[in-house]
$ cat query11.cif   # mmCIF, C-alpha atoms and all ligand atoms
data_input
#
loop_
_atom_site.group_PDB
_atom_site.id
_atom_site.type_symbol
_atom_site.label_atom_id
_atom_site.label_comp_id
_atom_site.auth_asym_id
_atom_site.auth_seq_id
_atom_site.Cartn_x
_atom_site.Cartn_y
_atom_site.Cartn_z
ATOM 1 C CA MET A 1257 13.769 11.540 -1.187
ATOM 2 C CA ARG A 1258 10.151 11.756 -0.139
ATOM 3 C CA ILE A 1259 8.217 8.668 -1.249
ATOM 4 C CA ILE A 1260 4.455 8.953 -1.672
ATOM 5 C CA ALA A 1261 2.383 5.844 -2.402
ATOM 6 C CA ILE A 1262 -0.968 6.387 -4.113
ATOM 7 C CA ALA A 1263 -2.949 3.502 -2.677
ATOM 8 C CA ASN A 1264 -6.450 2.146 -2.273
ATOM 9 C CA GLN A 1265 -7.320 -1.497 -2.823
ATOM 10 C CA LYS A 1266 -10.590 -0.368 -4.383
ATOM 11 C CA GLY A 1267 -10.402 -0.421 -8.168
ATOM 12 C CA GLY A 1268 -11.015 2.604 -10.382
ATOM 13 C CA CYS A 1269 -10.989 5.276 -7.673
ATOM 14 C CA GLY A 1270 -8.438 7.468 -9.449
ATOM 15 C CA LYS A 1271 -5.058 6.119 -8.249
ATOM 16 C CA THR A 1272 -3.320 6.175 -11.629
ATOM 17 C CA THR A 1273 -4.862 9.511 -12.617
ATOM 18 C CA THR A 1274 -3.661 10.941 -9.309
ATOM 19 C CA ALA A 1275 -0.203 9.335 -9.537
ATOM 20 C CA VAL A 1276 0.462 10.623 -13.061
ATOM 21 C CA ASN A 1277 -0.968 14.106 -12.615
ATOM 22 C CA LEU A 1278 0.301 14.724 -9.089
ATOM 23 C CA ALA A 1279 3.783 13.590 -10.172
ATOM 24 C CA ALA A 1280 3.583 15.867 -13.232
ATOM 25 C CA ALA A 1281 2.363 18.765 -11.067
ATOM 26 C CA ILE A 1282 5.221 18.304 -8.586
ATOM 27 C CA ALA A 1283 7.699 18.058 -11.482
ATOM 28 C CA HIS A 1284 6.142 21.199 -12.999
ATOM 29 C CA ARG A 1285 6.927 22.998 -9.740
ATOM 30 C CA GLY A 1286 10.593 22.181 -10.410
ATOM 31 C CA LEU A 1287 11.219 19.182 -8.162
ATOM 32 C CA ARG A 1288 13.033 16.166 -9.586
ATOM 33 C CA THR A 1289 10.225 13.610 -9.620
ATOM 34 C CA LEU A 1290 10.098 9.884 -10.278
ATOM 35 C CA ILE A 1291 6.876 7.979 -10.896
ATOM 36 C CA VAL A 1292 7.055 4.246 -10.250
ATOM 37 C CA ASP A 1293 4.427 2.165 -12.053
ATOM 38 C CA LEU A 1294 3.829 -0.668 -9.602
ATOM 39 C CA ASP A 1295 0.590 -1.886 -11.197
ATOM 40 C CA PRO A 1296 0.972 -4.719 -13.762
ATOM 41 C CA GLN A 1297 -1.903 -3.116 -15.716
ATOM 42 C CA ALA A 1298 0.805 -0.560 -16.686
ATOM 43 C CA HIS A 1299 -1.645 2.334 -16.872
ATOM 44 C CA SER A 1300 0.864 4.956 -15.709
ATOM 45 C CA THR A 1301 3.356 3.634 -18.258
ATOM 46 C CA ILE A 1302 0.790 3.894 -21.072
ATOM 47 C CA GLY A 1303 -0.549 7.194 -19.754
ATOM 48 C CA LEU A 1304 2.910 8.723 -20.040
ATOM 49 C CA GLY A 1305 3.340 7.582 -23.633
ATOM 50 C CA LEU A 1306 5.300 4.323 -23.403
ATOM 51 C CA ASN A 1307 4.307 1.046 -24.997
ATOM 52 C CA PRO A 1308 4.571 -1.673 -22.306
ATOM 53 C CA ASP A 1309 5.132 -4.400 -24.921
ATOM 54 C CA ARG A 1310 8.205 -2.676 -26.308
ATOM 55 C CA LEU A 1311 10.106 -2.334 -23.042
ATOM 56 C CA THR A 1312 13.312 -4.340 -22.698
ATOM 57 C CA LYS A 1313 13.893 -3.686 -19.006
ATOM 58 C CA THR A 1314 11.155 -2.892 -16.520
ATOM 59 C CA LEU A 1315 10.391 -2.629 -12.858
ATOM 60 C CA HIS A 1316 9.984 -6.400 -12.861
ATOM 61 C CA ASP A 1317 13.754 -6.751 -13.479
ATOM 62 C CA VAL A 1318 14.476 -4.234 -10.732
ATOM 63 C CA LEU A 1319 12.412 -6.194 -8.201
ATOM 64 C CA THR A 1320 13.434 -9.723 -9.142
ATOM 65 C CA ASN A 1321 17.012 -9.410 -10.416
ATOM 66 C CA PRO A 1322 19.605 -8.205 -7.903
ATOM 67 C CA GLN A 1323 21.885 -7.288 -10.840
ATOM 68 C CA THR A 1324 19.442 -4.729 -12.281
ATOM 69 C CA ASP A 1325 20.041 -1.205 -11.026
ATOM 70 C CA PHE A 1326 17.024 1.106 -10.722
ATOM 71 C CA MET A 1327 18.648 3.696 -13.031
ATOM 72 C CA GLN A 1328 18.701 1.140 -15.891
ATOM 73 C CA VAL A 1329 14.923 1.186 -16.307
ATOM 74 C CA ILE A 1330 14.206 4.891 -15.885
ATOM 75 C CA ALA A 1331 12.635 6.584 -18.926
ATOM 76 C CA ASP A 1332 12.077 10.228 -19.890
ATOM 77 C CA THR A 1333 8.683 11.895 -20.213
ATOM 78 C CA ASN A 1334 7.620 15.135 -21.936
ATOM 79 C CA ILE A 1335 8.393 17.018 -18.701
ATOM 80 C CA GLU A 1336 12.131 17.273 -18.137
ATOM 81 C CA THR A 1337 11.951 16.927 -14.368
ATOM 82 C CA LEU A 1338 9.588 13.933 -14.512
ATOM 83 C CA LYS A 1339 10.998 10.426 -15.044
ATOM 84 C CA LEU A 1340 9.185 7.104 -15.135
ATOM 85 C CA ALA A 1341 10.033 3.618 -13.922
ATOM 86 C CA PRO A 1342 7.758 1.661 -16.284
ATOM 87 C CA CYS A 1343 6.307 -1.818 -16.077
ATOM 88 C CA ASN A 1344 4.316 -4.299 -18.098
ATOM 89 C CA ILE A 1345 2.238 -7.383 -17.400
ATOM 90 C CA LEU A 1346 5.357 -9.344 -16.374
ATOM 91 C CA LEU A 1347 5.192 -7.454 -13.086
ATOM 92 C CA ALA A 1348 2.200 -9.627 -12.149
ATOM 93 C CA GLY A 1349 4.677 -12.484 -11.667
ATOM 94 C CA ALA A 1350 6.556 -10.472 -9.046
ATOM 95 C CA GLU A 1351 3.642 -10.877 -6.594
ATOM 96 C CA LEU A 1352 4.588 -14.545 -6.366
ATOM 97 C CA GLU A 1353 8.346 -14.292 -7.026
ATOM 98 C CA LEU A 1354 8.779 -11.825 -4.172
ATOM 99 C CA THR A 1355 7.128 -14.137 -1.658
ATOM 100 C CA LEU A 1356 10.087 -16.512 -2.076
ATOM 101 C CA VAL A 1357 12.683 -13.821 -1.323
ATOM 102 C CA PHE A 1358 14.149 -13.178 2.120
ATOM 103 C CA GLY A 1359 13.055 -9.725 3.338
ATOM 104 C CA ARG A 1360 10.391 -9.719 0.644
ATOM 105 C CA GLU A 1361 8.558 -6.644 1.959
ATOM 106 C CA PHE A 1362 11.685 -4.467 1.752
ATOM 107 C CA VAL A 1363 12.815 -5.151 -1.829
ATOM 108 C CA LEU A 1364 11.333 -2.011 -3.437
ATOM 109 C CA GLY A 1365 12.473 0.233 -0.579
ATOM 110 C CA GLU A 1366 16.019 -1.070 -0.784
ATOM 111 C CA LYS A 1367 16.126 -0.703 -4.564
ATOM 112 C CA LEU A 1368 14.818 2.874 -4.313
ATOM 113 C CA THR A 1369 17.868 3.846 -2.254
ATOM 114 C CA GLN A 1370 19.827 3.499 -5.526
ATOM 115 C CA VAL A 1371 18.065 6.585 -6.902
ATOM 116 C CA SER A 1372 17.380 8.564 -3.742
ATOM 117 C CA ASP A 1373 20.087 11.125 -4.640
ATOM 118 C CA GLN A 1374 18.661 11.677 -8.117
ATOM 119 C CA PHE A 1375 15.122 12.637 -7.111
ATOM 120 C CA ASP A 1376 13.348 14.856 -4.597
ATOM 121 C CA VAL A 1377 10.017 13.071 -4.748
ATOM 122 C CA CYS A 1378 8.959 9.580 -5.791
ATOM 123 C CA ILE A 1379 5.307 8.761 -6.481
ATOM 124 C CA ILE A 1380 4.237 5.111 -6.560
ATOM 125 C CA ASP A 1381 1.117 4.038 -8.464
ATOM 126 C CA CYS A 1382 -0.165 0.974 -6.581
ATOM 127 C CA PRO A 1383 -2.339 -1.849 -7.945
ATOM 128 C CA PRO A 1384 -5.922 -2.264 -6.656
ATOM 129 C CA SER A 1385 -5.084 -4.896 -4.027
ATOM 130 C CA LEU A 1386 -3.290 -5.234 -0.714
ATOM 131 C CA GLY A 1387 -0.863 -7.870 -2.048
ATOM 132 C CA MET A 1388 2.914 -8.097 -1.975
ATOM 133 C CA LEU A 1389 3.464 -5.241 -4.453
ATOM 134 C CA THR A 1390 1.326 -2.791 -2.478
ATOM 135 C CA LEU A 1391 2.923 -3.979 0.759
ATOM 136 C CA ASN A 1392 6.365 -3.229 -0.708
ATOM 137 C CA ALA A 1393 5.154 0.230 -1.705
ATOM 138 C CA LEU A 1394 3.718 1.031 1.736
ATOM 139 C CA VAL A 1395 6.799 -0.191 3.585
ATOM 140 C CA ALA A 1396 9.065 1.857 1.279
ATOM 141 C CA SER A 1397 7.022 5.060 1.558
ATOM 142 C CA THR A 1398 7.073 8.060 3.825
ATOM 143 C CA ASP A 1399 3.504 9.051 2.930
ATOM 144 C CA ILE A 1400 0.308 7.618 1.503
ATOM 145 C CA VAL A 1401 -2.284 9.494 -0.497
ATOM 146 C CA VAL A 1402 -5.608 7.663 -0.689
ATOM 147 C CA PRO A 1403 -7.890 8.614 -3.575
ATOM 148 C CA VAL A 1404 -11.518 8.077 -2.632
ATOM 149 C CA GLN A 1405 -14.263 8.160 -5.211
ATOM 150 C CA ALA A 1406 -17.000 10.461 -4.016
ATOM 151 C CA HIS A 1407 -19.926 8.073 -4.208
ATOM 152 C CA TYR A 1408 -22.245 6.284 -1.839
ATOM 153 C CA TYR A 1409 -19.834 3.460 -0.928
ATOM 154 C CA ALA A 1410 -16.904 5.813 -0.398
ATOM 155 C CA MET A 1411 -16.117 4.634 3.135
ATOM 156 C CA GLU A 1412 -16.123 0.975 2.200
ATOM 157 C CA GLY A 1413 -12.678 -0.570 2.324
ATOM 158 C CA LEU A 1414 -11.100 2.514 3.921
ATOM 159 C CA LYS A 1415 -11.144 0.906 7.369
ATOM 160 C CA GLN A 1416 -9.225 -2.102 6.089
ATOM 161 C CA LEU A 1417 -6.648 0.144 4.445
ATOM 162 C CA LEU A 1418 -6.179 2.240 7.593
ATOM 163 C CA GLU A 1419 -5.791 -0.932 9.678
ATOM 164 C CA THR A 1420 -3.226 -2.331 7.234
ATOM 165 C CA VAL A 1421 -1.222 0.879 7.512
ATOM 166 C CA SER A 1422 -1.177 0.758 11.302
ATOM 167 C CA ILE A 1423 -0.133 -2.928 11.284
ATOM 168 C CA ILE A 1424 2.667 -2.133 8.825
ATOM 169 C CA ARG A 1425 3.958 0.666 11.055
ATOM 170 C CA GLU A 1426 4.074 -1.684 14.014
ATOM 171 C CA ARG A 1427 5.474 -4.706 12.279
ATOM 172 C CA PHE A 1428 8.059 -3.404 9.839
ATOM 173 C CA HIS A 1429 11.094 -1.458 10.938
ATOM 174 C CA PRO A 1430 12.236 0.993 9.798
ATOM 175 C CA CYS A 1431 8.808 2.106 8.648
ATOM 176 C CA SER A 1432 7.010 5.233 9.750
ATOM 177 C CA VAL A 1433 4.671 5.602 6.819
ATOM 178 C CA ARG A 1434 1.622 7.751 7.503
ATOM 179 C CA ILE A 1435 -1.572 8.613 5.686
ATOM 180 C CA LEU A 1436 -0.897 12.066 4.311
ATOM 181 C CA GLY A 1437 -4.476 12.552 3.252
ATOM 182 C CA LEU A 1438 -7.616 11.271 1.629
ATOM 183 C CA LEU A 1439 -8.284 12.783 -1.777
ATOM 184 C CA LEU A 1440 -11.860 13.031 -3.002
ATOM 185 C CA THR A 1441 -12.018 12.189 -6.706
ATOM 186 C CA PHE A 1442 -14.793 12.143 -9.320
ATOM 187 C CA VAL A 1443 -16.521 14.955 -7.433
ATOM 188 C CA GLU A 1444 -19.563 16.239 -9.301
ATOM 189 C CA HIS A 1445 -20.245 19.950 -9.403
ATOM 190 C CA ARG A 1446 -23.980 19.680 -9.291
ATOM 191 C CA THR A 1447 -25.195 16.539 -7.559
ATOM 192 C CA THR A 1448 -26.273 16.658 -3.943
ATOM 193 C CA LEU A 1449 -24.995 13.100 -3.461
ATOM 194 C CA SER A 1450 -21.450 14.278 -4.172
ATOM 195 C CA LYS A 1451 -21.902 17.085 -1.620
ATOM 196 C CA GLN A 1452 -23.294 14.621 0.936
ATOM 197 C CA VAL A 1453 -20.372 12.219 0.507
ATOM 198 C CA GLN A 1454 -17.948 15.103 0.830
ATOM 199 C CA ASN A 1455 -19.588 16.337 4.032
ATOM 200 C CA GLN A 1456 -19.727 12.830 5.457
ATOM 201 C CA MET A 1457 -16.025 12.245 4.743
ATOM 202 C CA ARG A 1458 -15.010 15.575 6.289
ATOM 203 C CA GLU A 1459 -17.190 14.936 9.339
ATOM 204 C CA PHE A 1460 -15.684 11.498 9.850
ATOM 205 C CA PHE A 1461 -12.041 12.078 8.938
ATOM 206 C CA GLY A 1462 -11.776 15.816 9.651
ATOM 207 C CA ASP A 1463 -8.835 17.556 8.052
ATOM 208 C CA LEU A 1464 -7.258 14.259 7.050
ATOM 209 C CA VAL A 1465 -9.280 14.927 3.895
ATOM 210 C CA PHE A 1466 -7.340 17.196 1.527
ATOM 211 C CA LYS A 1467 -8.843 20.640 1.013
ATOM 212 C CA THR A 1468 -8.297 20.128 -2.695
ATOM 213 C CA VAL A 1469 -10.833 17.860 -4.386
ATOM 214 C CA VAL A 1470 -10.673 16.528 -7.943
ATOM 215 C CA HIS A 1471 -13.788 17.031 -10.032
ATOM 216 C CA ARG A 1472 -14.922 14.691 -12.747
ATOM 217 C CA THR A 1473 -13.664 16.193 -15.997
ATOM 218 C CA VAL A 1474 -13.390 14.628 -19.408
ATOM 219 C CA ARG A 1475 -9.855 16.009 -19.992
ATOM 220 C CA LEU A 1476 -8.508 13.859 -17.157
ATOM 221 C CA ALA A 1477 -9.846 10.758 -18.900
ATOM 222 C CA GLU A 1478 -8.634 11.941 -22.305
ATOM 223 C CA ALA A 1479 -5.048 12.886 -21.468
ATOM 224 C CA PRO A 1480 -3.708 9.263 -21.215
ATOM 225 C CA SER A 1481 -4.680 8.630 -24.858
ATOM 226 C CA ALA A 1482 -2.296 11.432 -25.804
ATOM 227 C CA GLY A 1483 0.395 9.824 -23.645
ATOM 228 C CA GLU A 1484 0.785 12.785 -21.363
ATOM 229 C CA SER A 1485 -0.417 14.244 -18.097
ATOM 230 C CA VAL A 1486 -3.150 16.835 -17.957
ATOM 231 C CA ILE A 1487 -0.527 19.356 -16.805
ATOM 232 C CA THR A 1488 0.792 19.535 -20.387
ATOM 233 C CA TYR A 1489 -2.311 18.242 -22.237
ATOM 234 C CA ASP A 1490 -4.677 20.874 -20.873
ATOM 235 C CA PRO A 1491 -2.578 23.198 -18.717
ATOM 236 C CA ARG A 1492 -5.338 25.706 -17.989
ATOM 237 C CA GLY A 1493 -8.130 23.212 -17.399
ATOM 238 C CA THR A 1494 -9.791 22.174 -14.156
ATOM 239 C CA GLY A 1495 -7.799 18.928 -13.877
ATOM 240 C CA ALA A 1496 -4.416 20.643 -14.150
ATOM 241 C CA THR A 1497 -5.471 23.418 -11.761
ATOM 242 C CA GLU A 1498 -6.693 20.917 -9.163
ATOM 243 C CA TYR A 1499 -3.650 18.624 -9.318
ATOM 244 C CA LEU A 1500 -1.335 21.662 -9.082
ATOM 245 C CA ALA A 1501 -3.308 22.782 -6.013
ATOM 246 C CA LEU A 1502 -2.914 19.294 -4.521
ATOM 247 C CA ALA A 1503 0.841 19.392 -5.210
ATOM 248 C CA ASP A 1504 1.057 22.761 -3.449
ATOM 249 C CA GLU A 1505 -1.025 21.509 -0.521
ATOM 250 C CA ILE A 1506 1.387 18.585 -0.137
ATOM 251 C CA LEU A 1507 4.626 20.502 -0.763
ATOM 252 C CA ASN A 1508 3.688 23.414 1.497
ATOM 253 C CA GLY A 1509 2.914 21.025 4.325
ATOM 254 C CA THR A 1510 -0.538 22.369 5.040
ATOM 255 C CA THR A 1511 -1.924 18.855 5.537
ATOM 256 C CA ARG A 1512 -2.894 17.661 8.998
ATOM 257 C CA ALA A 1513 -0.185 14.982 9.080
ATOM 258 C CA ALA A 1514 2.488 17.584 8.327
ATOM 259 C CA GLN A 1515 1.126 19.973 10.948
ATOM 260 C CA GLU A 1516 1.112 17.245 13.577
ATOM 261 C CA GLU A 1517 4.717 16.451 12.709
ATOM 262 C CA ASP A 1518 5.679 20.128 13.028
ATOM 263 C CA LYS A 1519 3.869 20.283 16.377
ATOM 264 C CA GLN A 1520 5.738 17.187 17.497
ATOM 265 C CA ASP A 1521 9.039 18.751 16.363
ATOM 266 C CA THR A 1522 8.236 21.930 18.302
ATOM 267 C CA GLU A 1523 7.318 19.891 21.373
ATOM 268 C CA ASP A 1524 10.548 17.918 21.015
ATOM 269 C CA ASP A 1525 12.463 21.204 20.699
ATOM 270 C CA ASP A 1526 10.669 22.559 23.794
ATOM 271 C CA THR A 1527 11.489 19.391 25.743
ATOM 272 C CA GLN A 1528 15.098 19.621 24.638
ATOM 273 C CA ALA A 1529 15.216 23.290 25.617
ATOM 274 C CA GLU A 1530 13.701 22.424 29.015
ATOM 275 C CA GLN A 1531 16.228 19.651 29.493
ATOM 276 C CA ALA A 1532 19.072 21.931 28.461
ATOM 277 C CA LYS A 1533 17.811 24.548 30.954
ATOM 278 C CA GLU A 1534 17.625 21.972 33.725
ATOM 279 C CA THR A 1535 21.140 20.796 32.963
ATOM 280 C CA GLU A 1536 22.313 24.399 32.944
ATOM 281 C CA TYR A 1537 20.679 25.140 36.305
ATOM 282 C CA GLY A 1538 21.772 21.765 37.605
ATOM 283 C CA GLY A 1539 25.347 22.650 36.683
ATOM 284 C CA GLN A 1540 25.112 25.954 38.539
ATOM 285 C CA GLU A 1541 23.947 24.402 41.766
HETATM 286 N N1 LIG B 1 -11.516 13.113 -12.106
HETATM 287 C C1 LIG B 1 -11.795 12.312 -13.147
HETATM 288 N N2 LIG B 1 -12.669 12.700 -14.089
HETATM 289 C C2 LIG B 1 -12.977 11.903 -15.157
HETATM 290 N N3 LIG B 1 -12.431 10.697 -15.355
HETATM 291 C C3 LIG B 1 -11.542 10.249 -14.449
HETATM 292 C C4 LIG B 1 -11.176 11.020 -13.311
HETATM 293 N N4 LIG B 1 -10.263 10.324 -12.578
HETATM 294 C C5 LIG B 1 -10.084 9.174 -13.244
HETATM 295 N N5 LIG B 1 -10.836 9.109 -14.361
HETATM 296 C C6 LIG B 1 -10.957 7.985 -15.299
HETATM 297 O O1 LIG B 1 -11.570 6.903 -14.592
HETATM 298 C C7 LIG B 1 -10.936 5.680 -14.895
HETATM 299 C C8 LIG B 1 -10.348 5.076 -13.588
HETATM 300 O O2 LIG B 1 -9.368 5.972 -13.105
HETATM 301 P P1 LIG B 1 -7.908 5.448 -12.693
HETATM 302 O O3 LIG B 1 -7.360 4.552 -13.755
HETATM 303 O O4 LIG B 1 -7.106 6.634 -12.339
HETATM 304 O O5 LIG B 1 -8.277 4.613 -11.407
HETATM 305 P P2 LIG B 1 -7.368 3.544 -10.634
HETATM 306 O O6 LIG B 1 -7.724 3.635 -9.200
HETATM 307 O O7 LIG B 1 -5.950 3.721 -11.002
HETATM 308 O O8 LIG B 1 -7.899 2.176 -11.268
HETATM 309 P P3 LIG B 1 -7.241 0.719 -10.950
HETATM 310 O O9 LIG B 1 -7.728 0.344 -9.595
HETATM 311 O O10 LIG B 1 -7.790 -0.161 -12.045
HETATM 312 O O11 LIG B 1 -5.760 0.876 -11.020
HETATM 313 C C9 LIG B 1 -9.895 5.980 -15.961
HETATM 314 O O12 LIG B 1 -10.442 5.747 -17.211
HETATM 315 C C10 LIG B 1 -9.610 7.468 -15.766
HETATM 316 O O13 LIG B 1 -9.204 8.096 -16.962
HETATM 317 MG MG MG B 2 -4.532 2.331 -11.708
#

$ encode --input "query11.cif" --output "structure tokens"
Amino acid sequence: MRIIAIANQKGGCGKTTTAVNLAAAIAHRGLRTLIVDLDPQAHSTIGLGLNPDRLTKTLHDVLTNPQTDFMQVIADTNIETLKLAPCNILLAGAELELTLVFGREFVLGEKLTQVSDQFDVCIIDCPPSLGMLTLNALVASTDIVVPVQAHYYAMEGLKQLLETVSIIRERFHPCSVRILGLLLTFVEHRTTLSKQVQNQMREFFGDLVFKTVVHRTVRLAEAPSAGESVITYDPRGTGATEYLALADEILNGTTRAAQEEDKQDTEDDDTQAEQAKETEYGGQE
């Protein structure tokens, strides 16, 4: 199961919107997809039509009660291939409760192994902080997508996030999480500022920035009130089109991180072939 965390400690940059709609887009493409609502604000839960106050079992139980199996909390959505692990405000307590647990950074990752046969992709909606919940998400993940609001302070905070990711890779084993890409959100069609920010980001981060950008559209903000993703709420609109394009960009492996991995695989294959050749020749001598 591929696990993609949607993370940025900056608030309101489009994490939940990206988590819900990217998950729905991937599910729409036919992959069995799980969205994990790891933010006590429960916006993904609400955005997919569940009432957080009515839930009997939530992600909080999964993370704090060893007896609760992940499958027990999983709920259906209006897309058959998309399931949700919901939460409510109780999850806020887990920030503290987890700090008292041995191996506290690995709890989510270990629990996710209980469902890794049931899903192809898992998307985690992270809270706007770099606390214990986000740390659990990053350690559990294979990839990170970072939504970045296309405004003047876009770069702010990104350095800290990138540093955190590199520390996590060094410190926690097994963990080889990588930044899959930076996603520009709230892009304006007309303003030159939006263009400038986009150019600046691409100049600085190169093709680590997804080709797909998400424009500011009212449908994306409206869809949660209907309790569904934009993929079903407004299937032909800009939001749906852009999140489907992002899903394809990720699934087809056209991102820089994926290409580097392929290159590494090819190099490894070449090295192995070389070694095999040497052994072969060595054997003949
Ligand atoms: N592309 C967009 N166009 C218009 N509105 C958007 C867009 N993306 C997000 N929004 C709206 O902006 C607000 C913030 O977005 P969102 O909740 O996705 O951010 P977030 O990073 O998850 O916030 P938080 O840090 O609080 O979790 C929401 O009301 C959402 O509906
Ligand atoms: Mg959010």

$ atom_distance --input "query11.cif" --atom1 "CA of Lys1313 in chain A" --atom2 "CA of Ala1261 in chain A"
22.3 Å

$ closest_atom_pairs --input "query11.cif" --of "chain A" --to "ligand MG 2 (chain B)" --cutoff "6 Å" --atoms "only C-alpha atoms and all ligand atoms" --output "tab-separated table"
residue	atom	partner	partner_atom	distance
A:Lys1271	CA	B:MG2	MG	5.2
A:Thr1272	CA	B:MG2	MG	4.0
A:His1299	CA	B:MG2	MG	5.9

$ resolve_selection --input "query11.cif" --expression "the PyMOL selection byres (((not hetatm)) within 9 of (chain B and resi 1))" --output "PyMOL selection string"
chain A and resi 1262-1276+1295+1297-1300+1381-1385+1403-1405+1441-1443+1470-1480+1495

$ closest_residue --input "query11.cif" --among "A:Ile1291, A:Ile1487, A:Ile1302, A:Leu1464" --to "Ala1341 in chain A" --atoms "all atoms listed in the file"
A:Ile1291

$ closest_residue --input "query11.cif" --among "A:Lys1451, A:Lys1367, A:Lys1415, A:His1316" --to "Pro1342 in chain A" --atoms "only C-alpha atoms"
A:His1316

$ closest_residue --input "query11.cif" --among "A:Glu1498, A:Glu1351, A:Glu1419, A:Glu1484" --to "Thr1301 in chain A" --atoms "only C-alpha atoms"
A:Glu1484

$ closest_residue --input "query11.cif" --among "A:Ile1259, A:Ile1380, A:Val1292, A:Val1453" --to "Ser1397 in chain A" --atoms "all atoms listed in the file"
A:Ile1259

$ closest_residue --input "query11.cif" --among "A:Asn1508, A:Thr1447, A:Gln1374, A:Ser1481" --to "Asn1307 in chain A" --atoms "all atoms listed in the file"
A:Ser1481

$ closest_residue --input "query11.cif" --among "A:Val1329, A:Leu1352, A:Ile1506, A:Ala1279" --to "Leu1315 in chain A" --atoms "only C-alpha atoms"
A:Val1329

$ resolve_selection --input "query11.cif" --expression "the PyMOL selection byres (((chain A and resi 1344) around 7) and not hetatm)" --output "list in words"
Pro1296, Gln1297, Ala1298, Pro1308, Asp1309, Cys1343, Ile1345, Leu1346 and Leu1347 of chain A

$ write_last_selection --input "query11.cif" --atoms "C-alpha atoms" --output "CSV table (one decimal), in the frame of the given file"
chain,number,residue,atom,x,y,z
A,1296,PRO,CA,1.0,-4.7,-13.8
A,1297,GLN,CA,-1.9,-3.1,-15.7
A,1298,ALA,CA,0.8,-0.6,-16.7
A,1308,PRO,CA,4.6,-1.7,-22.3
A,1309,ASP,CA,5.1,-4.4,-24.9
A,1343,CYS,CA,6.3,-1.8,-16.1
A,1345,ILE,CA,2.2,-7.4,-17.4
A,1346,LEU,CA,5.4,-9.3,-16.4
A,1347,LEU,CA,5.2,-7.5,-13.1

$ residues_near_point --input "query11.cif" --point "(2.0, 16.3, -26.3)" --cutoff "10 Å" --atoms "all atoms listed in the file" --output "PyMOL selection string"
chain A and resi 1304-1305+1334-1335+1479+1482-1486+1488-1490

$ resolve_selection --input "query11.cif" --expression "the PyMOL selection byres (((chain A and resi 1435) around 7) and not hetatm)" --output "short mmCIF file (atom, residue, chain, number, x, y, z; two decimals) with C-alpha atoms, in the frame of the given file"
data_model
loop_
_atom_site.label_atom_id
_atom_site.label_comp_id
_atom_site.auth_asym_id
_atom_site.auth_seq_id
_atom_site.Cartn_x
_atom_site.Cartn_y
_atom_site.Cartn_z
CA ASP A 1399 3.50 9.05 2.93
CA ILE A 1400 0.31 7.62 1.50
CA VAL A 1401 -2.28 9.49 -0.50
CA ARG A 1434 1.62 7.75 7.50
CA LEU A 1436 -0.90 12.07 4.31
CA GLY A 1437 -4.48 12.55 3.25
#

$ atom_distance --input "query11.cif" --atom1 "CA of Val1395 in chain A" --atom2 "CA of Cys1431 in chain A"
5.9 Å

$ atom_distance --input "query11.cif" --atom1 "CA of Phe1466 in chain A" --atom2 "CA of Leu1287 in chain A"
21.0 Å

$ residues_around --input "query11.cif" --residues "Gln1456 in chain A" --least-positions-apart "5" --cutoff "12 Å" --atoms "all atoms listed in the file" --output "PyMOL selection string"
chain A and resi 1406-1411+1440+1449-1451+1461-1462+1465

$ axis_aligned_box --input "query11.cif" --around "range 1385-1402 of chain A" --padding-each-side "8 Å" --output "lines of an AutoDock Vina configuration file"
center_x = 1.7
center_y = 0.7
center_z = -0.3
size_x = 30.7
size_y = 33.6
size_z = 24.3

$ residues_around --input "query11.cif" --residues "Leu1356 in chain A" --least-positions-apart "6" --cutoff "12 Å" --atoms "all atoms listed in the file" --output "number ranges by chain"
A: 1320, 1349-1350, 1363, 1388
